[in-house]
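Trainee: File follows, target13.pdb with PDB, C-alpha atoms:
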```pdb
ATOM      1  CA  MET A   1     -21.599   1.086  12.459
ATOM      2  CA  ASP A   2     -18.223   2.784  12.865
ATOM      3  CA  ARG A   3     -17.673   6.001  10.953
ATOM      4  CA  ILE A   4     -14.550   5.672   8.801
ATOM      5  CA  LEU A   5     -12.263   8.333   7.329
ATOM      6  CA  ILE A   6      -9.962   7.422   4.431
ATOM      7  CA  ILE A   7      -7.152   9.895   3.759
ATOM      8  CA  GLY A   8      -5.571   9.611   0.317
ATOM      9  CA  SER A   9      -8.510   7.632  -1.014
ATOM     10  CA  ALA A  10      -7.983   8.236  -4.732
ATOM     11  CA  GLY A  11      -4.689   6.346  -5.039
ATOM     12  CA  GLN A  12      -4.163   2.801  -6.235
ATOM     13  CA  LEU A  13      -4.837   1.251  -2.834
ATOM     14  CA  GLY A  14      -7.249   3.878  -1.548
ATOM     15  CA  SER A  15      -9.731   3.715  -4.410
ATOM     16  CA  GLU A  16     -10.240  -0.041  -4.050
ATOM     17  CA  LEU A  17     -10.170   0.011  -0.274
ATOM     18  CA  SER A  18     -12.865   2.714  -0.315
ATOM     19  CA  HIS A  19     -15.071   0.360  -2.338
ATOM     20  CA  ALA A  20     -14.472  -2.528   0.046
ATOM     21  CA  LEU A  21     -15.132  -0.474   3.175
ATOM     22  CA  THR A  22     -18.303   0.979   1.649
ATOM     23  CA  ASP A  23     -19.559  -2.541   0.942
ATOM     24  CA  ILE A  24     -19.086  -3.369   4.627
ATOM     25  CA  TYR A  25     -20.058  -0.155   6.420
ATOM     26  CA  GLY A  26     -22.318   1.605   3.885
ATOM     27  CA  GLY A  27     -21.787   4.770   1.892
ATOM     28  CA  ASP A  28     -23.037   7.076   4.646
ATOM     29  CA  ASN A  29     -20.423   5.789   7.083
ATOM     30  CA  VAL A  30     -17.357   6.038   4.834
ATOM     31  CA  ILE A  31     -15.819   9.462   4.107
ATOM     32  CA  ALA A  32     -13.250   9.260   1.308
ATOM     33  CA  THR A  33     -10.912  12.256   1.051
ATOM     34  CA  ASP A  34      -8.221  13.425  -1.330
ATOM     35  CA  ILE A  35      -6.399  16.664  -1.997
ATOM     36  CA  SER A  36      -7.748  16.822  -5.574
ATOM     37  CA  PRO A  37     -11.478  17.238  -6.219
ATOM     38  CA  ASP A  38     -11.089  15.679  -9.676
ATOM     39  CA  ASN A  39      -9.754  12.489  -8.111
ATOM     40  CA  LEU A  40     -12.850  12.130  -5.960
ATOM     41  CA  GLN A  41     -15.307  12.007  -8.846
ATOM     42  CA  LYS A  42     -14.882   8.256  -9.279
ATOM     43  CA  LEU A  43     -15.734   7.640  -5.605
ATOM     44  CA  ASP A  44     -19.424   8.487  -5.889
ATOM     45  CA  PHE A  45     -20.483   5.393  -3.943
ATOM     46  CA  CYS A  46     -19.610   6.979  -0.569
ATOM     47  CA  LYS A  47     -19.275  10.386   1.030
ATOM     48  CA  THR A  48     -16.328  12.417  -0.295
ATOM     49  CA  GLU A  49     -14.534  15.569   0.752
ATOM     50  CA  VAL A  50     -11.519  17.502  -0.486
ATOM     51  CA  LEU A  51      -8.899  17.390   2.248
ATOM     52  CA  ASN A  52      -5.226  18.251   2.627
ATOM     53  CA  VAL A  53      -3.842  15.997   5.350
ATOM     54  CA  LEU A  54      -1.310  18.697   6.265
ATOM     55  CA  ASP A  55      -4.173  21.065   7.106
ATOM     56  CA  LYS A  56      -4.455  19.924  10.717
ATOM     57  CA  ASP A  57      -7.380  22.162  11.610
ATOM     58  CA  ALA A  58      -9.417  20.850   8.665
ATOM     59  CA  VAL A  59      -8.670  17.211   9.484
ATOM     60  CA  ARG A  60      -9.514  17.656  13.158
ATOM     61  CA  ALA A  61     -12.747  19.475  12.328
ATOM     62  CA  LEU A  62     -13.822  16.709   9.936
ATOM     63  CA  VAL A  63     -13.101  13.992  12.508
ATOM     64  CA  LYS A  64     -15.184  15.782  15.112
ATOM     65  CA  ARG A  65     -18.014  16.743  12.755
ATOM     66  CA  GLU A  66     -18.399  13.262  11.287
ATOM     67  CA  ASN A  67     -17.831  11.432  14.577
ATOM     68  CA  ILE A  68     -15.022   9.403  13.017
ATOM     69  CA  LYS A  69     -14.008   6.213  14.845
ATOM     70  CA  GLN A  70     -11.468   4.731  12.407
ATOM     71  CA  ILE A  71      -8.882   6.396  10.145
ATOM     72  CA  TYR A  72      -7.159   4.754   7.192
ATOM     73  CA  HIS A  73      -4.199   7.053   6.533
ATOM     74  CA  LEU A  74      -2.960   6.236   3.024
ATOM     75  CA  ALA A  75      -1.602   9.593   1.798
ATOM     76  CA  ALA A  76       2.115   9.373   0.961
ATOM     77  CA  VAL A  77       4.782  10.223  -1.583
ATOM     78  CA  LEU A  78       5.979   6.893  -3.023
ATOM     79  CA  SER A  79       9.519   5.641  -3.637
ATOM     80  CA  ALA A  80      10.495   6.826  -7.122
ATOM     81  CA  THR A  81       8.598  10.117  -6.821
ATOM     82  CA  GLY A  82      10.084  10.722  -3.384
ATOM     83  CA  GLU A  83      13.646  10.545  -4.697
ATOM     84  CA  LYS A  84      12.893  13.521  -6.934
ATOM     85  CA  ASN A  85      11.843  15.686  -3.975
ATOM     86  CA  PRO A  86      13.088  14.021  -0.790
ATOM     87  CA  LEU A  87      12.447  16.880   1.623
ATOM     88  CA  PHE A  88       8.817  17.182   0.614
ATOM     89  CA  ALA A  89       8.395  13.399   0.722
ATOM     90  CA  TRP A  90       9.725  13.313   4.279
ATOM     91  CA  HIS A  91       7.577  16.271   5.290
ATOM     92  CA  LEU A  92       4.337  14.835   3.931
ATOM     93  CA  ASN A  93       4.925  11.238   4.976
ATOM     94  CA  MET A  94       6.091  11.954   8.528
ATOM     95  CA  GLU A  95       4.197  15.092   9.528
ATOM     96  CA  SER A  96       0.897  13.589   8.440
ATOM     97  CA  LEU A  97       1.455  10.321  10.316
ATOM     98  CA  LEU A  98       2.499  12.023  13.552
ATOM     99  CA  PHE A  99      -0.530  14.271  13.405
ATOM    100  CA  ILE A 100      -2.931  11.350  12.805
ATOM    101  CA  LEU A 101      -1.431   9.379  15.687
ATOM    102  CA  GLU A 102      -1.713  12.387  17.988
ATOM    103  CA  LEU A 103      -5.276  12.999  16.836
ATOM    104  CA  ALA A 104      -6.149   9.346  17.503
ATOM    105  CA  LYS A 105      -4.808   9.709  21.026
ATOM    106  CA  GLU A 106      -6.693  12.949  21.678
ATOM    107  CA  GLU A 107     -10.019  11.818  20.211
ATOM    108  CA  LYS A 108      -9.745   8.240  21.516
ATOM    109  CA  LEU A 109     -10.329   6.736  18.079
ATOM    110  CA  ASP A 110     -11.059   3.020  17.913
ATOM    111  CA  LYS A 111      -8.460   2.143  15.269
ATOM    112  CA  VAL A 112      -5.913   3.636  12.876
ATOM    113  CA  TYR A 113      -4.538   1.933   9.768
ATOM    114  CA  TRP A 114      -1.239   3.074   8.253
ATOM    115  CA  PRO A 115       0.554   1.209   5.453
ATOM    116  CA  SER A 116       4.254   0.472   5.555
ATOM    117  CA  SER A 117       6.282  -1.125   2.760
ATOM    118  CA  ILE A 118       9.102  -3.468   1.835
ATOM    119  CA  ALA A 119      10.982  -0.192   1.273
ATOM    120  CA  VAL A 120      11.921  -0.314   4.982
ATOM    121  CA  PHE A 121      14.462  -2.978   4.078
ATOM    122  CA  GLY A 122      17.834  -2.120   2.584
ATOM    123  CA  PRO A 123      20.884  -3.560   0.816
ATOM    124  CA  ASN A 124      22.082  -5.308   4.004
ATOM    125  CA  THR A 125      18.751  -7.009   4.674
ATOM    126  CA  PRO A 126      18.564 -10.763   3.916
ATOM    127  CA  LYS A 127      17.075 -10.836   0.407
ATOM    128  CA  VAL A 128      15.479 -14.284   0.360
ATOM    129  CA  ASN A 129      12.536 -14.932   2.697
ATOM    130  CA  THR A 130      13.262 -11.688   4.509
ATOM    131  CA  PRO A 131      12.240 -12.254   8.134
ATOM    132  CA  GLN A 132       9.947 -10.082  10.240
ATOM    133  CA  TYR A 133      12.836  -8.930  12.399
ATOM    134  CA  CYS A 134      16.138  -8.190  10.656
ATOM    135  CA  VAL A 135      18.522  -5.398   9.681
ATOM    136  CA  LYS A 136      16.702  -2.446   8.109
ATOM    137  CA  GLU A 137      18.871   0.204   6.478
ATOM    138  CA  PRO A 138      16.660   1.778   3.786
ATOM    139  CA  ASN A 139      18.389   4.002   1.239
ATOM    140  CA  THR A 140      15.375   5.923  -0.106
ATOM    141  CA  VAL A 141      13.513   8.721   1.645
ATOM    142  CA  TYR A 142      10.322   6.688   1.238
ATOM    143  CA  GLY A 143      11.888   3.725   3.018
ATOM    144  CA  ILE A 144      13.383   5.935   5.728
ATOM    145  CA  SER A 145       9.994   7.535   6.365
ATOM    146  CA  LYS A 146       8.299   4.131   6.542
ATOM    147  CA  GLN A 147      10.908   2.776   8.943
ATOM    148  CA  ALA A 148      10.529   5.828  11.184
ATOM    149  CA  GLY A 149       6.746   5.563  10.876
ATOM    150  CA  GLU A 150       6.793   1.975  12.103
ATOM    151  CA  ARG A 151       8.639   3.069  15.213
ATOM    152  CA  TRP A 152       6.153   5.850  15.859
ATOM    153  CA  CYS A 153       3.194   3.487  15.425
ATOM    154  CA  GLU A 154       4.607   1.056  17.960
ATOM    155  CA  TYR A 155       5.436   3.925  20.298
ATOM    156  CA  TYR A 156       1.892   5.318  20.257
ATOM    157  CA  PHE A 157       0.485   1.842  20.900
ATOM    158  CA  GLN A 158       2.818   1.155  23.805
ATOM    159  CA  LYS A 159       2.742   4.618  25.408
ATOM    160  CA  PHE A 160      -0.785   5.826  24.643
ATOM    161  CA  ASN A 161      -2.736   2.653  23.812
ATOM    162  CA  VAL A 162      -3.555   3.859  20.284
ATOM    163  CA  ASP A 163      -4.797   0.821  18.361
ATOM    164  CA  VAL A 164      -2.741   1.405  15.220
ATOM    165  CA  ARG A 165      -2.232  -1.461  12.760
ATOM    166  CA  SER A 166       0.074  -1.747   9.768
ATOM    167  CA  LEU A 167       1.232  -3.977   6.912
ATOM    168  CA  ARG A 168       4.502  -3.910   4.990
ATOM    169  CA  TYR A 169       3.059  -4.138   1.499
ATOM    170  CA  PRO A 170       5.046  -5.655  -1.329
ATOM    171  CA  GLY A 171       4.535  -4.203  -4.807
ATOM    172  CA  LEU A 172       0.791  -3.864  -5.409
ATOM    173  CA  ILE A 173      -0.729  -4.666  -8.792
ATOM    174  CA  GLY A 174      -4.218  -3.603  -9.819
ATOM    175  CA  TYR A 175      -6.103  -2.658 -12.967
ATOM    176  CA  LYS A 176      -8.546  -0.082 -11.596
ATOM    177  CA  SER A 177      -6.099   2.818 -11.385
ATOM    178  CA  LEU A 178      -2.969   4.066 -13.109
ATOM    179  CA  PRO A 179       0.595   3.721 -11.743
ATOM    180  CA  GLY A 180       1.339   6.165  -8.947
ATOM    181  CA  GLY A 181       5.112   6.676  -8.892
ATOM    182  CA  GLY A 182       6.404   3.517  -7.220
ATOM    183  CA  THR A 183       9.362   1.349  -8.183
ATOM    184  CA  THR A 184       7.126  -1.719  -8.575
ATOM    185  CA  ASP A 185       4.685   0.142 -10.832
ATOM    186  CA  TYR A 186       6.187  -1.444 -13.934
ATOM    187  CA  ALA A 187       4.041  -4.457 -13.050
ATOM    188  CA  VAL A 188       0.932  -2.293 -13.388
ATOM    189  CA  ASP A 189       1.958  -0.431 -16.541
ATOM    190  CA  ILE A 190       2.973  -3.577 -18.418
ATOM    191  CA  TYR A 191      -0.628  -4.802 -18.566
ATOM    192  CA  HIS A 192      -1.837  -1.458 -19.926
ATOM    193  CA  LYS A 193       0.784  -1.644 -22.683
ATOM    194  CA  ALA A 194      -0.175  -5.212 -23.580
ATOM    195  CA  ILE A 195      -3.877  -4.343 -23.865
ATOM    196  CA  ALA A 196      -3.028  -1.305 -26.001
ATOM    197  CA  GLY A 197      -0.830  -3.374 -28.326
ATOM    198  CA  GLU A 198       2.235  -1.277 -27.475
ATOM    199  CA  HIS A 199       5.847  -2.266 -26.919
ATOM    200  CA  PHE A 200       6.841  -2.218 -23.243
ATOM    201  CA  VAL A 201      10.125  -0.778 -21.982
ATOM    202  CA  SER A 202      11.011  -2.107 -18.538
ATOM    203  CA  PHE A 203      12.953   0.211 -16.241
ATOM    204  CA  LEU A 204      14.159  -2.870 -14.330
ATOM    205  CA  ARG A 205      16.422  -5.707 -15.486
ATOM    206  CA  GLU A 206      14.727  -8.840 -16.742
ATOM    207  CA  ASP A 207      15.961 -10.838 -13.719
ATOM    208  CA  SER A 208      14.989  -8.355 -10.969
ATOM    209  CA  TYR A 209      12.843 -10.325  -8.553
ATOM    210  CA  LEU A 210      10.568  -8.368  -6.223
ATOM    211  CA  PRO A 211       7.779  -9.391  -3.842
ATOM    212  CA  MET A 212       4.399  -8.572  -5.387
ATOM    213  CA  MET A 213       0.714  -8.870  -4.567
ATOM    214  CA  TYR A 214      -2.508  -8.598  -6.541
ATOM    215  CA  MET A 215      -4.799  -5.861  -5.257
ATOM    216  CA  PRO A 216      -7.680  -8.159  -4.169
ATOM    217  CA  ASP A 217      -5.221  -9.927  -1.868
ATOM    218  CA  ALA A 218      -3.952  -6.597  -0.519
ATOM    219  CA  ILE A 219      -7.502  -5.475   0.265
ATOM    220  CA  LYS A 220      -8.249  -8.832   1.878
ATOM    221  CA  ALA A 221      -5.127  -8.596   4.053
ATOM    222  CA  THR A 222      -5.928  -5.045   5.126
ATOM    223  CA  LEU A 223      -9.482  -5.885   6.140
ATOM    224  CA  ASP A 224      -8.438  -9.136   7.812
ATOM    225  CA  LEU A 225      -5.921  -7.235   9.947
ATOM    226  CA  MET A 226      -8.331  -4.425  10.824
ATOM    227  CA  HIS A 227     -11.109  -6.859  11.736
ATOM    228  CA  ALA A 228      -8.854  -9.139  13.786
ATOM    229  CA  PRO A 229      -9.450  -9.126  17.551
ATOM    230  CA  ARG A 230      -7.116  -6.705  19.290
ATOM    231  CA  GLU A 231      -5.309  -9.479  21.149
ATOM    232  CA  LYS A 232      -4.456 -11.241  17.859
ATOM    233  CA  VAL A 233      -2.507  -8.232  16.565
ATOM    234  CA  LYS A 234       0.802  -8.875  18.291
ATOM    235  CA  ILE A 235       3.105  -6.769  16.098
ATOM    236  CA  ARG A 236       2.477  -3.032  16.361
ATOM    237  CA  SER A 237       5.280  -1.788  14.116
ATOM    238  CA  SER A 238       4.185  -3.446  10.856
ATOM    239  CA  TYR A 239       3.595  -7.004   9.674
ATOM    240  CA  ASN A 240       5.546  -8.561   6.823
ATOM    241  CA  LEU A 241       3.114  -9.452   4.039
ATOM    242  CA  ALA A 242       3.714 -11.644   1.007
ATOM    243  CA  ALA A 243       2.028 -13.435  -1.858
ATOM    244  CA  ILE A 244       4.161 -13.917  -5.008
ATOM    245  CA  SER A 245       7.605 -12.938  -6.304
ATOM    246  CA  PHE A 246       8.525 -12.635  -9.969
ATOM    247  CA  SER A 247      10.807 -10.813 -12.405
ATOM    248  CA  PRO A 248       9.898  -8.524 -15.337
ATOM    249  CA  LYS A 249      10.753 -11.389 -17.687
ATOM    250  CA  GLU A 250       8.351 -13.754 -15.917
ATOM    251  CA  ILE A 251       5.432 -11.316 -15.889
ATOM    252  CA  PHE A 252       6.100 -10.610 -19.583
ATOM    253  CA  GLU A 253       5.967 -14.333 -20.354
ATOM    254  CA  SER A 254       2.706 -14.729 -18.436
ATOM    255  CA  ILE A 255       1.161 -11.947 -20.556
ATOM    256  CA  LYS A 256       2.665 -13.253 -23.792
ATOM    257  CA  SER A 257       0.739 -16.504 -23.379
ATOM    258  CA  HIS A 258      -2.400 -14.370 -23.901
ATOM    259  CA  TYR A 259      -0.906 -11.788 -26.299
ATOM    260  CA  PRO A 260       1.654 -13.628 -28.475
ATOM    261  CA  ASP A 261       2.742 -10.454 -30.306
ATOM    262  CA  PHE A 262       3.518  -8.513 -27.136
ATOM    263  CA  SER A 263       7.134  -7.291 -27.005
ATOM    264  CA  ILE A 264       9.475  -6.001 -24.328
ATOM    265  CA  SER A 265      12.903  -4.417 -23.952
ATOM    266  CA  PHE A 266      14.925  -3.664 -20.843
ATOM    267  CA  GLU A 267      16.392  -0.235 -20.116
ATOM    268  CA  PRO A 268      17.166  -0.020 -16.388
ATOM    269  CA  ASP A 269      17.135   3.498 -14.905
ATOM    270  CA  PHE A 270      17.559   4.967 -11.388
ATOM    271  CA  ARG A 271      14.760   2.743 -10.115
ATOM    272  CA  GLN A 272      16.958  -0.317 -10.634
ATOM    273  CA  ALA A 273      19.139   0.731  -7.696
ATOM    274  CA  ILE A 274      16.035   1.063  -5.543
ATOM    275  CA  ALA A 275      14.822  -2.395  -6.556
ATOM    276  CA  ASP A 276      18.260  -3.892  -5.908
ATOM    277  CA  SER A 277      18.077  -2.706  -2.294
ATOM    278  CA  TRP A 278      14.786  -4.512  -1.670
ATOM    279  CA  PRO A 279      14.142  -8.210  -0.909
ATOM    280  CA  ASP A 280      13.483 -10.897  -3.509
ATOM    281  CA  SER A 281      10.917 -12.631  -1.287
ATOM    282  CA  ILE A 282       9.306 -12.109   2.121
ATOM    283  CA  ASP A 283       8.637 -14.372   5.115
ATOM    284  CA  ASP A 284       5.174 -13.418   6.369
ATOM    285  CA  SER A 285       4.682 -16.349   8.731
ATOM    286  CA  ARG A 286       3.827 -14.064  11.659
ATOM    287  CA  ALA A 287       0.824 -12.611   9.812
ATOM    288  CA  ARG A 288      -0.310 -16.117   8.880
ATOM    289  CA  GLU A 289       0.076 -17.348  12.461
ATOM    290  CA  ASP A 290      -1.286 -14.338  14.367
ATOM    291  CA  TRP A 291      -4.441 -13.469  12.431
ATOM    292  CA  GLY A 292      -4.794 -16.120   9.743
ATOM    293  CA  TRP A 293      -3.523 -14.343   6.627
ATOM    294  CA  SER A 294      -3.478 -16.296   3.340
ATOM    295  CA  HIS A 295      -3.333 -15.140  -0.279
ATOM    296  CA  ASP A 296      -5.458 -16.301  -3.211
ATOM    297  CA  PHE A 297      -3.622 -15.234  -6.400
ATOM    298  CA  ASP A 298      -0.472 -16.547  -8.062
ATOM    299  CA  LEU A 299       1.074 -14.939 -11.172
ATOM    300  CA  LYS A 300      -0.862 -17.019 -13.697
ATOM    301  CA  LYS A 301      -4.225 -16.448 -12.016
ATOM    302  CA  MET A 302      -3.523 -12.723 -11.560
ATOM    303  CA  THR A 303      -2.555 -12.183 -15.204
ATOM    304  CA  ALA A 304      -5.656 -13.945 -16.478
ATOM    305  CA  ASP A 305      -7.881 -11.863 -14.197
ATOM    306  CA  ILE A 306      -6.279  -8.540 -15.136
ATOM    307  CA  LEU A 307      -6.390  -9.197 -18.876
ATOM    308  CA  GLN A 308     -10.041 -10.166 -18.584
ATOM    309  CA  HIS A 309     -11.114  -7.027 -16.732
ATOM    310  CA  LEU A 310      -8.708  -4.255 -17.747
ATOM    311  CA  PRO A 311     -10.183  -3.579 -21.230
ATOM    312  CA  SER A 312     -13.429  -2.378 -19.642
ATOM    313  CA  TYR A 313     -11.586   0.389 -17.752
ATOM    314  CA  SER A 314     -10.835   3.708 -19.429
ATOM    315  CA  PHE A 315      -8.462   6.318 -18.054
TER     316      PHE A 315
END
```
Using structure tokens, write down the structure from this file.
Mentor:
Amino acid sequence: MDRILIIGSAGQLGSELSHALTDIYGGDNVIATDISPDNLQKLDFCKTEVLNVLDKDAVRALVKRENIKQIYHLAAVLSATGEKNPLFAWHLNMESLLFILELAKEEKLDKVYWPSSIAVFGPNTPKVNTPQYCVKEPNTVYGISKQAGERWCEYYFQKFNVDVRSLRYPGLIGYKSLPGGGTTDYAVDIYHKAIAGEHFVSFLREDSYLPMMYMPDAIKATLDLMHAPREKVKIRSSYNLAAISFSPKEIFESIKSHYPDFSISFEPDFRQAIADSWPDSIDDSRAREDWGWSHDFDLKKMTADILQHLPSYSF
């Protein structure tokens, strides 16, 4: 079994991906790391270690000591949080990626996974069925760092044969962790408010369409890509990935069919400008053709599943 290191494992994606990888590889072969020891307490099903990805000596020592063969590098400052401290967001997002790619080259790791985002697109990108290859002029530091990261990933594959793989995630929705500072996080928080019987204030307009994906589909896509034969992975920057697109009004209506008294108001803030620069929908035909990607959840099915399971989670 490969030994797997997950960096940034306590986030929305990382916590669920850690579970999935442990189910496949076993708890002794998965090392989940995070900068906060408190965040690691919920990951007691696998090995855990406190780790700052910017501490290069510590990361290198762990990789050597644990005989790591695959790295899932998930640590990042997300879009809305990054706009509050752009220099730090750039520093963390880019310095950590470059170090992991260089480490993969030096240690001859089998595979590296690094997530990109629809944030690489910008206001001049085609907004409907955004193609794999198109104009990308991101206007957030998060998007700029992801665009630059895609170029570095492709570079390390072409120049040094580092088997790095990536997906451009849409907004990810899950019920097992709290929102983490992204522009699409309204679609996570809204379910928490509905369950709690609270009024929801949307920071996006009611008609703001964004590409979204339920977390089980995101985990499935990630594992499908990482388990695909090397020759099937033909795009080494990052694959477009899609499932569903909806507006705040539509997700509200899907919840209201279960909670008739649920209420909403719309008070757009600075995140509206970020959302306006992103696509309405994504063309992910290359992922479907190259390695057989397909999604399972639409909005109705996702809402029913979240409202069934979320009450059993306490935060």
Trainee: Mind telling me what the PyMOL selection byres ((chain A and resi 73-84) around 10) catches here, as number ranges by chain?
Mentor: A: 5-14, 33-35, 52-53, 70-72, 85-94, 96-97, 100-101, 112-117, 119, 140-143, 145-146, 180-185, 270-271, 274
Trainee: Looking at A:Tyr214, A:Trp278, A:Tyr259, A:Phe252, which one is nearest to Met302 of chain A, with distances taken over all atoms listed in the file?
Mentor: A:Tyr214
Trainee: If you count all atoms listed in the file, which residues fall within 8 Å of segment 171-176 of chain A, apart from same-chain ones fewer than 5 positions away, as a ChimeraX atom specification?
Mentor: /A:12,16,184-185,187-188,210-215,218,306,309-310,313
Trainee: Find, counting all atoms listed in the file, the residue in A:Ser245, A:Thr303, A:Ser285, A:Ser238 that gets nearest to Val128 of chain A.
Mentor: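 Once distances to Val128 of chain A are computed over all atoms listed in the file, the minimum belongs to A:Ser245.
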Trainee: Could you pull the residues within 9 Å of Lys136 of chain A, counting all atoms listed in the file, minus those fewer than 2 positions along the same chain, as a list in words?
Mentor: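 So, after excluding close chain neighbours, the residues are Val120, Phe121, Gly122, Pro123, Asn124, Thr125, Tyr133, Cys134, Pro138 and Gln147 of chain A.
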Trainee: Quote the spacing between atom CA of Pro170 of chain A and atom CA of Lys301 of chain A in Å to one decimal place.
Mentor: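 Calculated distance between atom CA of Pro170 of chain A and atom CA of Lys301 of chain A is 17.8 Å.
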Trainee: Any idea what's packed within 10 Å of Ala287 of chain A, counting only C-alpha atoms, ignoring anything in its chain fewer than 4 positions away? Could you give it as a PDB file with C-alpha atoms, keeping the file's coordinate frame?
Mentor:
```pdb
ATOM      1  CA  GLN A 132       9.947 -10.082  10.240  1.00  0.00           C
ATOM      2  CA  LEU A 167       1.232  -3.977   6.912  1.00  0.00           C
ATOM      3  CA  ALA A 221      -5.127  -8.596   4.053  1.00  0.00           C
ATOM      4  CA  LEU A 225      -5.921  -7.235   9.947  1.00  0.00           C
ATOM      5  CA  LYS A 232      -4.456 -11.241  17.859  1.00  0.00           C
ATOM      6  CA  VAL A 233      -2.507  -8.232  16.565  1.00  0.00           C
ATOM      7  CA  LYS A 234       0.802  -8.875  18.291  1.00  0.00           C
ATOM      8  CA  ILE A 235       3.105  -6.769  16.098  1.00  0.00           C
ATOM      9  CA  SER A 238       4.185  -3.446  10.856  1.00  0.00           C
ATOM     10  CA  TYR A 239       3.595  -7.004   9.674  1.00  0.00           C
ATOM     11  CA  ASN A 240       5.546  -8.561   6.823  1.00  0.00           C
ATOM     12  CA  LEU A 241       3.114  -9.452   4.039  1.00  0.00           C
ATOM     13  CA  ALA A 242       3.714 -11.644   1.007  1.00  0.00           C
ATOM     14  CA  ASP A 283       8.637 -14.372   5.115  1.00  0.00           C
ATOM     15  CA  TRP A 291      -4.441 -13.469  12.431  1.00  0.00           C
ATOM     16  CA  GLY A 292      -4.794 -16.120   9.743  1.00  0.00           C
ATOM     17  CA  TRP A 293      -3.523 -14.343   6.627  1.00  0.00           C
ATOM     18  CA  SER A 294      -3.478 -16.296   3.340  1.00  0.00           C
TER      19      SER A 294
END
```
Trainee: As a ChimeraX atom specification, please: the residues near Trp152 of chain A (cut-off 9 Å, only C-alpha atoms, same-chain neighbours under 2 positions excluded).
Mentor: /A:97-98,101,147-150,154-157,237
Trainee: Tell me, in Å to one decimal, how far atom CA of Leu40 of chain A is from atom CA of Val63 of chain A.
Mentor: 18.6 Å
Trainee: With 4 Å on each side, where is the centre of the axis-aligned box around all listed atoms of segment 263-273 of chain A, and how long are its edges in Å to one decimal, as JSON?
Mentor:
```
{"center_x": 13.1, "center_y": -1.2, "center_z": -17.4, "size_x": 20.0, "size_y": 20.3, "size_z": 27.3}
```
Trainee: Go ahead and compute the interatomic distance for atom CA of Pro37 of chain A and atom CA of Asp189 of chain A, in Å to one decimal.
Mentor: 24.5 Å
Trainee: Have a look at A:Phe99, A:Val201, A:His295, A:His227 and name the one nearest to Asp57 of chain A; count all atoms listed in the file.
Mentor: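 Closest candidate: A:Phe99.
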